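Q: Attaching a single structure in structure tokens format; questions to follow.
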Amino acid sequence: MRFTEEHEWLLIEGDLVVVGITEHAATQLGDVVFVELPELETAAAKGDEVVVIESVKAASDILAPLDGEIVEVNDALVDNPSLVNEDPTGEAWFFKMKVDDLAAVDAYMTEDEYKDFIGE
Amino acid sequence: MTTGLLDLPLSGLHTELGGKFVPFAGYSMPVQYAAGVMAEHLWTREKAGLFDVSHMGQVRLPLDQAAALERIAPIEVEGLAEGRQRYGFLTNEAGGLVDDFMIARYEDCFVVVINAARRAEDLALFEKHLTGFEVISDRALLALQGPLAESALAKLLPDVAQMRFMDVRKLAWQGVELWLSRSGYTGEDGFEISVPVTLADDFARALLAMDAVAPIGLGARDSLRMEAGLPLYGNDLSETISPVEAGLSWGISKSRRPDGAKAGEYLGAAVIASHLGGKAARKRIGLVPEGRAPMRGGVPLFLSETSATQIGEITSGGFGPSLGHPIAMALVQSDTAADVPIWGELRGKRHPMRQVDLPFFKTSYKR
């Protein structure tokens, strides 16, 4: 698993990259009450806002971590947004991307680096 | 830390309880504790939540200032009975709201509780119109809210069981005088308790030691008051919104209305009288989004998915934990029909909402 400075986690699964938010991010957000997922087969450029998450406190976004195409989304989050708090790094993945360059994932932080980054 | 923010007298206790702090009205305040906003909100509706609202201003006013206060607030102050509290607001020359407040009449003085963020504006008005008032700086203000608030508080102060909604009393705890009102800002039965700073920590801990009582942060305070349809100054109330537009006509005492014995003679009286007579340009309404996306303050409102004419905007909005769906309050043109859908524009897309009566969640005050 790799981590972005925007508190997303990336996991390579075959030729796809699975994207979610970290436990740290989920805790900071508080109770998630709404998730808006991207349309399937959407082309996304690195840095595009692809997901909207609303907690009881505020709205925030998930940015596309890499250039590619959204090929799968986790519809379970739409009906049950609290999954994001319950299992952020497991069941609550947000989307899967087919990326142009799978090796680009390695440029992101390792778990140890991420822990340093958030000061744990 | 030198953040320029003031600490609450109980900030040590909040830290110990796992509070997460945010800046609010010049204070560093706990927005939530470990349980989180949702759990804290639901706890308050089922049990008893303890809130630290010491940021609010407490002002002691001599009893002989009743008539003077009536010059800056369209409420009956002289007729307020001893042992009772009333809601009121300060107005400006344009008929807008300077602040809203609670005023309690005790045997020897009035106590006015004002919003922290409006302290400077309120005190400027007081300076100009009142004499002998005193800003109280040695008392914390706590609120205990929820269906178990009475039984919990009665363990420390048995006499509170005899109070009804909007009663106020001075009662002693450990030989020190507390000022209590049966009121709050959650839609639940409950109490607000003014306690000397020196005793506040002991008093809060005595309550928190009870199974029914948990600490509740600002986040849940906001969602609770929204569900109860209660406006918040700075969101739903401002200097350019009249009390009538804000849906607070009920708060203008009968004697101060145009046909009352003490009509007018307060700032903005003519404008407010015309608004009471049907000339208000806007009104505050309740909205329930059809989808799950919360619609927050600032969202512009329209009468259709395509209309170019904005009819108002959301003033407060978010998720209602006890309702399980988003809710919003809005200020819209007063000629907006009550039975039509209202569309809110969020991230470039319009979403329909239905208009509903306030409050969203049935209040349970002990009248």
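Following the order of the structure tokens, first chain is A, next is B, and so on, with residues numbered from 1 inside each chain and ligands from 1 in the order they appear.
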Please report, as a VMD selection string, each residue of chain A to which DSSP assigns alpha helix (DSSP H) when run on this structure's backbone.

A: chain A and resid 23 to 29 76 to 79 83 to 86 111 to 117

Q: Quick one: everything within 9 Å of Tyr114 (chain A), counting only C-alpha atoms, minus sequence neighbours fewer than 6 positions away in the same chain. Send it as an MDAnalysis selection string.

A: chainID A and resid 2:5 7 120

Q: With a distance cut-off of 12 Å and only C-alpha atoms, select the neighbouring residues of Glu91 (chain A), excluding the residue or stretch itself and same-chain residues fewer than 6 positions from it, and output the selection as a list in words.

A: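 Here the qualifying residues turn out to be Val18, Val19, Gly20, Ile21, Val73, Asn74, Asp75, Ala76, Leu77, Asn80, Pro81, Ser82, Leu83, Val84 and Asn85 of chain A.
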
Q: Mind pulling up the distance from CA of Pro38 (chain A) to CA of Gly68 (chain A)?

A: 13.0 Å

Q: Find the residues of chain B in contact range of chain A, meaning any atom within 7 Å when counting only C-alpha atoms, and list them as a PyMOL selection string.

A: chain B and resi 36-38+219+292-293+318-319

Q: Could you work out how far CA of Arg169 (chain B) lies from CA of Ser151 (chain B), giving the answer in Å with one decimal?

A: 17.0 Å

Q: Between CA of Ser181 (chain B) and CA of Met166 (chain B), what is the distance, to one decimal in Å?

A: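 The value is 6.2 Å.
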
Q: Residues near Ala273 (chain B), anyone? I mean within 10 Å using only C-alpha atoms, not counting same-chain ones fewer than 6 positions away, as an MDAnalysis selection string.

A: chainID B and resid 95 244 256:259 263:264 279:280

Q: Of the candidates A:Glu86, A:Glu111, A:Asp100, A:Asp15, which shows the shortest atom-to-atom distance to Pro65 (chain A), using only C-alpha atoms?

A: A:Asp100

Q: For Glu49 (chain A), work out the shell of residues within 12 Å, counting only C-alpha atoms and skipping chain neighbours fewer than 5 positions away, then give it as an MDAnalysis selection string.

A: (chainID A and resid 6 36:38 42:44 60:66) or (chainID B and resid 347)

Q: Could you write out the selected residues, including N, CA and C atoms, as a PDB file, in the first residue's frame?

A:
```pdb
ATOM      1  N   GLU A   6      -2.439  13.722   0.452  1.00  0.00           N
ATOM      2  CA  GLU A   6      -3.862  14.050   0.654  1.00  0.00           C
ATOM      3  C   GLU A   6      -4.561  12.957   1.458  1.00  0.00           C
ATOM      4  N   GLU A  36     -20.209  10.981  -2.902  1.00  0.00           N
ATOM      5  CA  GLU A  36     -20.562  11.088  -4.318  1.00  0.00           C
ATOM      6  C   GLU A  36     -19.413  10.512  -5.128  1.00  0.00           C
ATOM      7  N   LEU A  37     -19.713   9.451  -5.878  1.00  0.00           N
ATOM      8  CA  LEU A  37     -18.677   8.731  -6.628  1.00  0.00           C
ATOM      9  C   LEU A  37     -18.638   9.201  -8.069  1.00  0.00           C
ATOM     10  N   PRO A  38     -17.512   9.016  -8.740  1.00  0.00           N
ATOM     11  CA  PRO A  38     -17.435   9.438 -10.149  1.00  0.00           C
ATOM     12  C   PRO A  38     -18.215   8.477 -11.053  1.00  0.00           C
ATOM     13  N   THR A  42     -14.764   7.250 -16.631  1.00  0.00           N
ATOM     14  CA  THR A  42     -14.384   8.661 -16.703  1.00  0.00           C
ATOM     15  C   THR A  42     -12.866   8.734 -16.773  1.00  0.00           C
ATOM     16  N   ALA A  43     -12.389   9.544 -17.692  1.00  0.00           N
ATOM     17  CA  ALA A  43     -10.950   9.792 -17.714  1.00  0.00           C
ATOM     18  C   ALA A  43     -10.639  10.797 -16.614  1.00  0.00           C
ATOM     19  N   ALA A  44      -9.597  10.533 -15.844  1.00  0.00           N
ATOM     20  CA  ALA A  44      -9.239  11.451 -14.763  1.00  0.00           C
ATOM     21  C   ALA A  44      -7.754  11.784 -14.868  1.00  0.00           C
ATOM     22  N   SER A  60     -15.324  17.428   1.797  1.00  0.00           N
ATOM     23  CA  SER A  60     -13.961  17.374   1.278  1.00  0.00           C
ATOM     24  C   SER A  60     -13.945  16.508   0.020  1.00  0.00           C
ATOM     25  N   ASP A  61     -12.797  16.467  -0.641  1.00  0.00           N
ATOM     26  CA  ASP A  61     -12.699  15.764  -1.922  1.00  0.00           C
ATOM     27  C   ASP A  61     -11.649  14.675  -1.860  1.00  0.00           C
ATOM     28  N   ILE A  62     -11.774  13.736  -2.786  1.00  0.00           N
ATOM     29  CA  ILE A  62     -10.656  12.835  -3.068  1.00  0.00           C
ATOM     30  C   ILE A  62     -10.162  13.193  -4.458  1.00  0.00           C
ATOM     31  N   LEU A  63      -8.854  13.368  -4.573  1.00  0.00           N
ATOM     32  CA  LEU A  63      -8.264  13.722  -5.854  1.00  0.00           C
ATOM     33  C   LEU A  63      -7.765  12.458  -6.546  1.00  0.00           C
ATOM     34  N   ALA A  64      -7.837  12.446  -7.871  1.00  0.00           N
ATOM     35  CA  ALA A  64      -7.245  11.335  -8.620  1.00  0.00           C
ATOM     36  C   ALA A  64      -5.742  11.364  -8.378  1.00  0.00           C
ATOM     37  N   PRO A  65      -5.158  10.268  -7.893  1.00  0.00           N
ATOM     38  CA  PRO A  65      -3.728  10.276  -7.561  1.00  0.00           C
ATOM     39  C   PRO A  65      -2.833  10.124  -8.790  1.00  0.00           C
ATOM     40  N   LEU A  66      -3.426   9.695  -9.885  1.00  0.00           N
ATOM     41  CA  LEU A  66      -2.639   9.397 -11.093  1.00  0.00           C
ATOM     42  C   LEU A  66      -3.514   9.675 -12.308  1.00  0.00           C
TER      43      LEU A  66
ATOM     44  N   ARG B 347     -21.949  22.414  -6.211  1.00  0.00           N
ATOM     45  CA  ARG B 347     -20.901  21.955  -7.127  1.00  0.00           C
ATOM     46  C   ARG B 347     -21.396  21.955  -8.577  1.00  0.00           C
TER      47      ARG B 347
END
```

Q: Give me the residues near region 8-22 of chain B as a PyMOL selection string, where near means some atom within 9 Å (using only C-alpha atoms) and where sequence neighbours in that chain fewer than 5 positions away do not count.

A: chain B and resi 27-34+52-55+139-140+197-198+200-201+204-205+215+217

Q: Go ahead and dump the residues you just picked, C-alpha atoms, as an mmCIF file, in the first residue's frame.

A:
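Result saved to result-v2.cif:
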```cif
data_model
loop_
_atom_site.group_PDB
_atom_site.id
_atom_site.type_symbol
_atom_site.label_atom_id
_atom_site.label_comp_id
_atom_site.auth_asym_id
_atom_site.auth_seq_id
_atom_site.Cartn_x
_atom_site.Cartn_y
_atom_site.Cartn_z
ATOM 1 C CA TYR B 27 -12.212 30.960 21.702
ATOM 2 C CA SER B 28 -10.523 27.611 21.340
ATOM 3 C CA MET B 29 -13.492 25.286 21.796
ATOM 4 C CA PRO B 30 -14.036 21.522 21.720
ATOM 5 C CA VAL B 31 -15.871 20.672 18.487
ATOM 6 C CA GLN B 32 -16.155 17.034 19.519
ATOM 7 C CA TYR B 33 -14.782 14.436 21.918
ATOM 8 C CA ALA B 34 -13.729 10.866 21.196
ATOM 9 C CA ASP B 52 -19.417 24.115 27.934
ATOM 10 C CA VAL B 53 -20.823 27.380 26.629
ATOM 11 C CA SER B 54 -18.634 29.636 28.751
ATOM 12 C CA HIS B 55 -17.706 31.605 25.631
ATOM 13 C CA ARG B 139 -18.427 32.526 35.897
ATOM 14 C CA ALA B 140 -18.461 29.591 33.493
ATOM 15 C CA VAL B 197 -15.037 29.521 37.540
ATOM 16 C CA THR B 198 -13.420 28.338 40.765
ATOM 17 C CA ALA B 200 -16.786 24.878 37.478
ATOM 18 C CA ASP B 201 -14.341 21.985 37.158
ATOM 19 C CA ALA B 204 -18.660 19.487 35.633
ATOM 20 C CA ARG B 205 -16.842 16.418 36.966
ATOM 21 C CA PRO B 215 -19.491 15.702 27.270
ATOM 22 C CA GLY B 217 -18.906 19.408 21.593
#
```

Q: Write out as a ChimeraX atom specification each polymer residue whose atoms come within 9 Å of Ser238 (chain B), counting only C-alpha atoms; drop sequence neighbours fewer than 3 positions from it.

A: /B:96-99,233-235,241-242

Q: In terms of the shortest atom-to-atom distance over only C-alpha atoms, which of A:Thr89, A:Leu102, A:Ala45, A:Asp116 is closest to Glu8 (chain A)?

A: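 For Glu8 (chain A), the nearest of the given residues is A:Thr89.
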
Q: Taking the chain letters and numbering used in this document, name the residues of region 101-177 of chain B that DSSP puts in strand (DSSP E), as number ranges by chain.

A: B: 101-105, 110-114, 134-136, 139-145, 168-173, 176-177
